[in-house]
Amino acid sequence: MIRLILADDHAIVRSGLIQIFATTTDIVVVSEASQSEEVLEQCRQIPCDVLLLDMTMPGLSGIELIKRLHEENLDLPILILSMHNETQVITRALSAGAAGYITKDSKSELLLSAIRKVAAGGKFIDPALVDKLIFTPQRKDDLPQNALSKRELQVLTMISAGHPLGLIAERLNLSPKTVSTHKNRLMQKLEIDNNADLIRYAMKHELLTPQDFPDS
């Protein structure tokens with residue numbers, strides 16, 4: 001029996017996945033987590049064979065969480081189940097120590113195969129991502145911010161300029177929750193987990209312009 005810790009901050013996603021696993025005879029969810037600190041605590045205390053991990057949850061970025069698990073010698077196989085299919089994100093997750101990567105639009109049969117393979121000590125990459133990983137040119141001048149969407153880049157510059165999330169939401173005509181989601185995604189892509197490092201990154205790469213700063 002494969003014991004699985006399921007980590008995703010969306011309850012409806014966890015519920016759907018649990019229904020999928022209920023159709024099998026060899027996979028059982030032993031615990032659920034909705035934020036990174038819960039993942040760490042559960043991996044420390046609950047015996048399991050695979051961690052099925054979303055890359056974007058409250059708390060540490062997915063990359064930092066993978067690193068923390070390995071630093072604490074919690075070396076259980078980690079299978080990433082994510083909405084992100086950007087080459088840089090996938091490469092960093094695998095480099096950090098993930099055993100596999102699969103996207104949320106994959107079929108359930110593929111997900112089950114991936115879980116079984118990493119539980120047996122193997123590696124797994126979503127076949128839909130393989131060509132992208134192999135054939136996408138990697139330029140030396142590629143920068144992490146190139147993986148950001150236009151909206152994520154806007155949120156990055158405004159946060160780095162000192163604007164609170166509420167003001168950013170107002171100026172971009174978005175809900176605060178949507179702005180927070182953009183923030184979590186861009187921090188994950190940049191492998192940054194705090195505002196101070198975000199500001200340093202924006203300054204280093206000259207992403208701020210005078211109009212980004214709050215009115216004095």
# chains A, B, ... in the order shown; residues from 1 in each chain; ligands from 1
>>> residues_around(residues="range 99-109 of chain A", least_positions_apart="6", cutoff="10 Å", atoms="only C-alpha atoms", output="JSON, numbers by chain")
{"A": [13, 17, 20, 21, 50, 51, 52, 53, 54, 76, 77, 78, 79, 80, 81, 82, 83, 84, 85, 90, 91, 93, 115, 117, 118, 119, 121, 122, 123, 124, 125, 126, 127, 128, 129]}
>>> write_last_selection(atoms="N, CA, C and O atoms", output="short mmCIF file (atom, residue, chain, number, x, y, z; two decimals), in the first residue's frame")
data_model
loop_
_atom_site.label_atom_id
_atom_site.label_comp_id
_atom_site.auth_asym_id
_atom_site.auth_seq_id
_atom_site.Cartn_x
_atom_site.Cartn_y
_atom_site.Cartn_z
N VAL A 13 -9.77 20.65 -4.79
CA VAL A 13 -8.77 19.85 -5.50
C VAL A 13 -8.44 18.60 -4.69
O VAL A 13 -8.40 17.48 -5.23
N LEU A 17 -9.04 14.66 -5.79
CA LEU A 17 -7.94 13.69 -5.83
C LEU A 17 -8.23 12.49 -4.93
O LEU A 17 -7.96 11.34 -5.31
N ILE A 20 -10.33 10.09 -6.66
CA ILE A 20 -9.57 9.31 -7.64
C ILE A 20 -8.83 8.17 -6.94
O ILE A 20 -8.86 7.02 -7.39
N PHE A 21 -8.17 8.48 -5.83
CA PHE A 21 -7.38 7.46 -5.12
C PHE A 21 -8.29 6.38 -4.53
O PHE A 21 -7.85 5.23 -4.35
N VAL A 50 4.96 8.75 -0.28
CA VAL A 50 5.03 9.78 -1.32
C VAL A 50 4.38 11.05 -0.81
O VAL A 50 3.34 11.00 -0.14
N LEU A 51 5.00 12.17 -1.12
CA LEU A 51 4.37 13.48 -0.90
C LEU A 51 3.91 14.01 -2.25
O LEU A 51 4.73 14.22 -3.15
N LEU A 52 2.61 14.21 -2.40
CA LEU A 52 2.06 14.81 -3.62
C LEU A 52 1.88 16.30 -3.33
O LEU A 52 1.04 16.69 -2.52
N LEU A 53 2.69 17.13 -3.97
CA LEU A 53 2.85 18.53 -3.56
C LEU A 53 2.48 19.52 -4.65
O LEU A 53 3.01 19.46 -5.77
N ASP A 54 1.62 20.46 -4.29
CA ASP A 54 1.35 21.61 -5.15
C ASP A 54 2.50 22.60 -4.99
O ASP A 54 3.05 22.75 -3.90
N LEU A 76 11.55 11.54 1.58
CA LEU A 76 10.53 10.76 0.91
C LEU A 76 10.38 11.28 -0.53
O LEU A 76 10.68 12.45 -0.81
N PRO A 77 9.97 10.43 -1.46
CA PRO A 77 9.78 10.89 -2.84
C PRO A 77 8.74 12.00 -2.91
O PRO A 77 7.67 11.90 -2.30
N ILE A 78 9.05 13.06 -3.65
CA ILE A 78 8.13 14.19 -3.81
C ILE A 78 7.69 14.25 -5.27
O ILE A 78 8.52 14.39 -6.17
N LEU A 79 6.41 14.14 -5.47
CA LEU A 79 5.83 14.28 -6.81
C LEU A 79 5.09 15.61 -6.88
O LEU A 79 4.18 15.85 -6.09
N ILE A 80 5.52 16.48 -7.78
CA ILE A 80 4.87 17.78 -7.94
C ILE A 80 3.64 17.63 -8.82
O ILE A 80 3.71 17.06 -9.91
N LEU A 81 2.52 18.15 -8.34
CA LEU A 81 1.29 18.23 -9.13
C LEU A 81 0.93 19.71 -9.20
O LEU A 81 0.50 20.30 -8.21
N SER A 82 1.14 20.33 -10.35
CA SER A 82 1.08 21.78 -10.43
C SER A 82 0.35 22.27 -11.68
O SER A 82 0.27 21.56 -12.69
N MET A 83 -0.16 23.49 -11.60
CA MET A 83 -0.74 24.12 -12.77
C MET A 83 0.34 24.75 -13.65
O MET A 83 0.09 25.09 -14.79
N HIS A 84 1.55 24.89 -13.11
CA HIS A 84 2.64 25.55 -13.85
C HIS A 84 3.32 24.56 -14.79
O HIS A 84 3.70 23.46 -14.39
N ASN A 85 3.52 24.99 -16.05
CA ASN A 85 4.23 24.14 -17.00
C ASN A 85 5.43 24.85 -17.61
O ASN A 85 5.94 24.43 -18.65
N ILE A 90 9.80 23.86 -13.73
CA ILE A 90 9.97 22.41 -13.70
C ILE A 90 11.42 22.06 -13.39
O ILE A 90 11.71 21.21 -12.53
N THR A 91 12.34 22.72 -14.09
CA THR A 91 13.77 22.43 -13.91
C THR A 91 14.21 22.69 -12.47
O THR A 91 14.95 21.90 -11.87
N ALA A 93 12.33 22.70 -9.75
CA ALA A 93 11.73 21.72 -8.84
C ALA A 93 12.52 20.41 -8.86
O ALA A 93 12.80 19.82 -7.81
N ILE A 115 2.56 8.34 -9.38
CA ILE A 115 2.67 8.06 -7.95
C ILE A 115 3.33 6.70 -7.73
O ILE A 115 4.24 6.54 -6.90
N LYS A 117 5.29 5.06 -9.72
CA LYS A 117 6.68 5.03 -10.16
C LYS A 117 7.61 5.67 -9.14
O LYS A 117 8.66 5.13 -8.80
N VAL A 118 7.24 6.86 -8.63
CA VAL A 118 8.13 7.52 -7.66
C VAL A 118 8.13 6.78 -6.34
O VAL A 118 9.14 6.76 -5.63
N ALA A 119 7.00 6.14 -5.97
CA ALA A 119 6.95 5.34 -4.74
C ALA A 119 7.91 4.16 -4.82
O ALA A 119 8.47 3.72 -3.80
N GLY A 121 10.74 4.28 -6.24
CA GLY A 121 12.11 4.79 -6.33
C GLY A 121 12.49 5.36 -7.68
O GLY A 121 13.65 5.72 -7.89
N GLY A 122 11.53 5.45 -8.59
CA GLY A 122 11.82 5.97 -9.93
C GLY A 122 11.59 7.45 -10.06
O GLY A 122 11.27 8.15 -9.10
N LYS A 123 11.75 7.93 -11.28
CA LYS A 123 11.51 9.33 -11.61
C LYS A 123 10.39 9.39 -12.64
O LYS A 123 10.19 8.46 -13.42
N PHE A 124 9.66 10.52 -12.63
CA PHE A 124 8.56 10.64 -13.57
C PHE A 124 8.40 12.08 -14.02
O PHE A 124 8.35 13.00 -13.20
N ILE A 125 8.32 12.27 -15.34
CA ILE A 125 8.03 13.57 -15.92
C ILE A 125 6.80 13.42 -16.82
O ILE A 125 6.73 12.50 -17.63
N ASP A 126 5.86 14.31 -16.64
CA ASP A 126 4.68 14.34 -17.51
C ASP A 126 5.13 14.31 -18.97
O ASP A 126 5.90 15.17 -19.39
N PRO A 127 4.72 13.30 -19.74
CA PRO A 127 5.14 13.22 -21.15
C PRO A 127 4.88 14.49 -21.94
O PRO A 127 5.62 14.82 -22.86
N ALA A 128 3.83 15.24 -21.57
CA ALA A 128 3.52 16.48 -22.28
C ALA A 128 4.58 17.55 -22.06
O ALA A 128 4.65 18.53 -22.80
N LEU A 129 5.42 17.36 -21.02
CA LEU A 129 6.45 18.35 -20.70
C LEU A 129 7.83 17.97 -21.22
O LEU A 129 8.74 18.81 -21.24
#
>>> residues_around(residues="range 55-63 of chain A", least_positions_apart="6", cutoff="8 Å", atoms="only C-alpha atoms", output="list in words")
Asp8, Asp9, Ser34, Gln35, Ser36, Glu37, Ile80, Leu81, Ser82, Arg92, Ala93, Ala96, Asn184, Arg185, Met187, Gln188, Glu191, Ile192 and Asp193 of chain A
>>> closest_residue(among="A:Lys189, A:Arg116, A:His205, A:Lys183", to="Glu64 in chain A", atoms="only C-alpha atoms")
A:Lys189
>>> atom_distance(atom1="CA of Ser113 in chain A", atom2="CA of Ala7 in chain A")
18.3 Å
>>> select_by_dssp(residues="range 24-167 of chain A", states="helix (DSSP H, G or I)", output="ChimeraX atom specification")
/A:36-45,62-71,87-96,108-119,127-135,144-147,150-160,165-167
>>> residues_around(residues="Arg3 in chain A", least_positions_apart="3", cutoff="9 Å", atoms="only C-alpha atoms", output="list in words")
Asp26, Ile27, Val28, Val29, Val30, Ser31, Pro47, Cys48, Asp49, Val50 and Leu51 of chain A
>>> write_last_selection(atoms="C-alpha atoms", output="compact mmCIF listing (two decimals), in the first residue's frame")
# COMPACT_ATOMS: atom_id res chain seq x y z
CA ASP A 26 -2.87 0.38 -3.58
CA ILE A 27 -2.93 4.14 -2.81
CA VAL A 28 -4.30 5.68 0.38
CA VAL A 29 -4.19 9.29 1.59
CA VAL A 30 -2.90 9.29 5.17
CA SER A 31 -2.91 13.07 5.63
CA PRO A 47 4.92 7.67 8.03
CA CYS A 48 4.32 7.94 4.29
CA ASP A 49 5.71 6.78 0.97
CA VAL A 50 5.03 9.78 -1.32
CA LEU A 51 4.37 13.48 -0.90
>>> closest_residue(among="A:Leu207, A:Leu156, A:Leu174, A:Ala161", to="Leu186 in chain A", atoms="only C-alpha atoms")
A:Leu156
>>> residues_around(residues="Leu190 in chain A", least_positions_apart="6", cutoff="9 Å", atoms="only C-alpha atoms", output="list in words")
Val89, Pro144, Gln145, Ala147, Leu148, Leu198 and Tyr201 of chain A
>>> write_last_selection(atoms="N, CA and C atoms", output="mmCIF file, in the first residue's frame")
data_model
loop_
_atom_site.group_PDB
_atom_site.id
_atom_site.type_symbol
_atom_site.label_atom_id
_atom_site.label_comp_id
_atom_site.auth_asym_id
_atom_site.auth_seq_id
_atom_site.Cartn_x
_atom_site.Cartn_y
_atom_site.Cartn_z
ATOM 1 N N VAL A 89 10.396 26.588 -14.035
ATOM 2 C CA VAL A 89 9.790 26.099 -12.798
ATOM 3 C C VAL A 89 10.012 24.601 -12.652
ATOM 4 N N PRO A 144 15.055 34.728 -14.470
ATOM 5 C CA PRO A 144 13.835 34.156 -13.890
ATOM 6 C C PRO A 144 12.589 34.980 -14.168
ATOM 7 N N GLN A 145 12.724 36.315 -14.215
ATOM 8 C CA GLN A 145 11.521 37.119 -14.433
ATOM 9 C C GLN A 145 10.922 36.912 -15.818
ATOM 10 N N ALA A 147 9.944 34.260 -16.926
ATOM 11 C CA ALA A 147 8.881 33.263 -16.774
ATOM 12 C C ALA A 147 7.608 33.872 -16.208
ATOM 13 N N LEU A 148 7.665 35.148 -15.795
ATOM 14 C CA LEU A 148 6.498 35.792 -15.211
ATOM 15 C C LEU A 148 5.530 36.255 -16.301
ATOM 16 N N LEU A 198 12.471 40.078 -2.456
ATOM 17 C CA LEU A 198 11.761 40.492 -3.661
ATOM 18 C C LEU A 198 12.197 41.892 -4.086
ATOM 19 N N TYR A 201 15.694 41.776 -5.475
ATOM 20 C CA TYR A 201 15.688 41.228 -6.835
ATOM 21 C C TYR A 201 15.263 42.296 -7.839
#
>>> atom_distance(atom1="CA of Ile168 in chain A", atom2="CA of Asn194 in chain A")
17.5 Å
>>> select_by_dssp(residues="range 56-208 of chain A", states="strand (DSSP E)", output="list of chain:residue names")
A:Ile78, A:Leu79, A:Ile80, A:Leu81, A:Ser82, A:Gly100, A:Tyr101, A:Ile102, A:Thr103, A:Phe124, A:Ile125
>>> closest_residue(among="A:Leu40, A:Leu4, A:Ala22, A:Ile199", to="His163 in chain A", atoms="only C-alpha atoms")
A:Ile199
>>> atom_distance(atom1="CA of Gly97 in chain A", atom2="CA of Leu74 in chain A")
11.3 Å
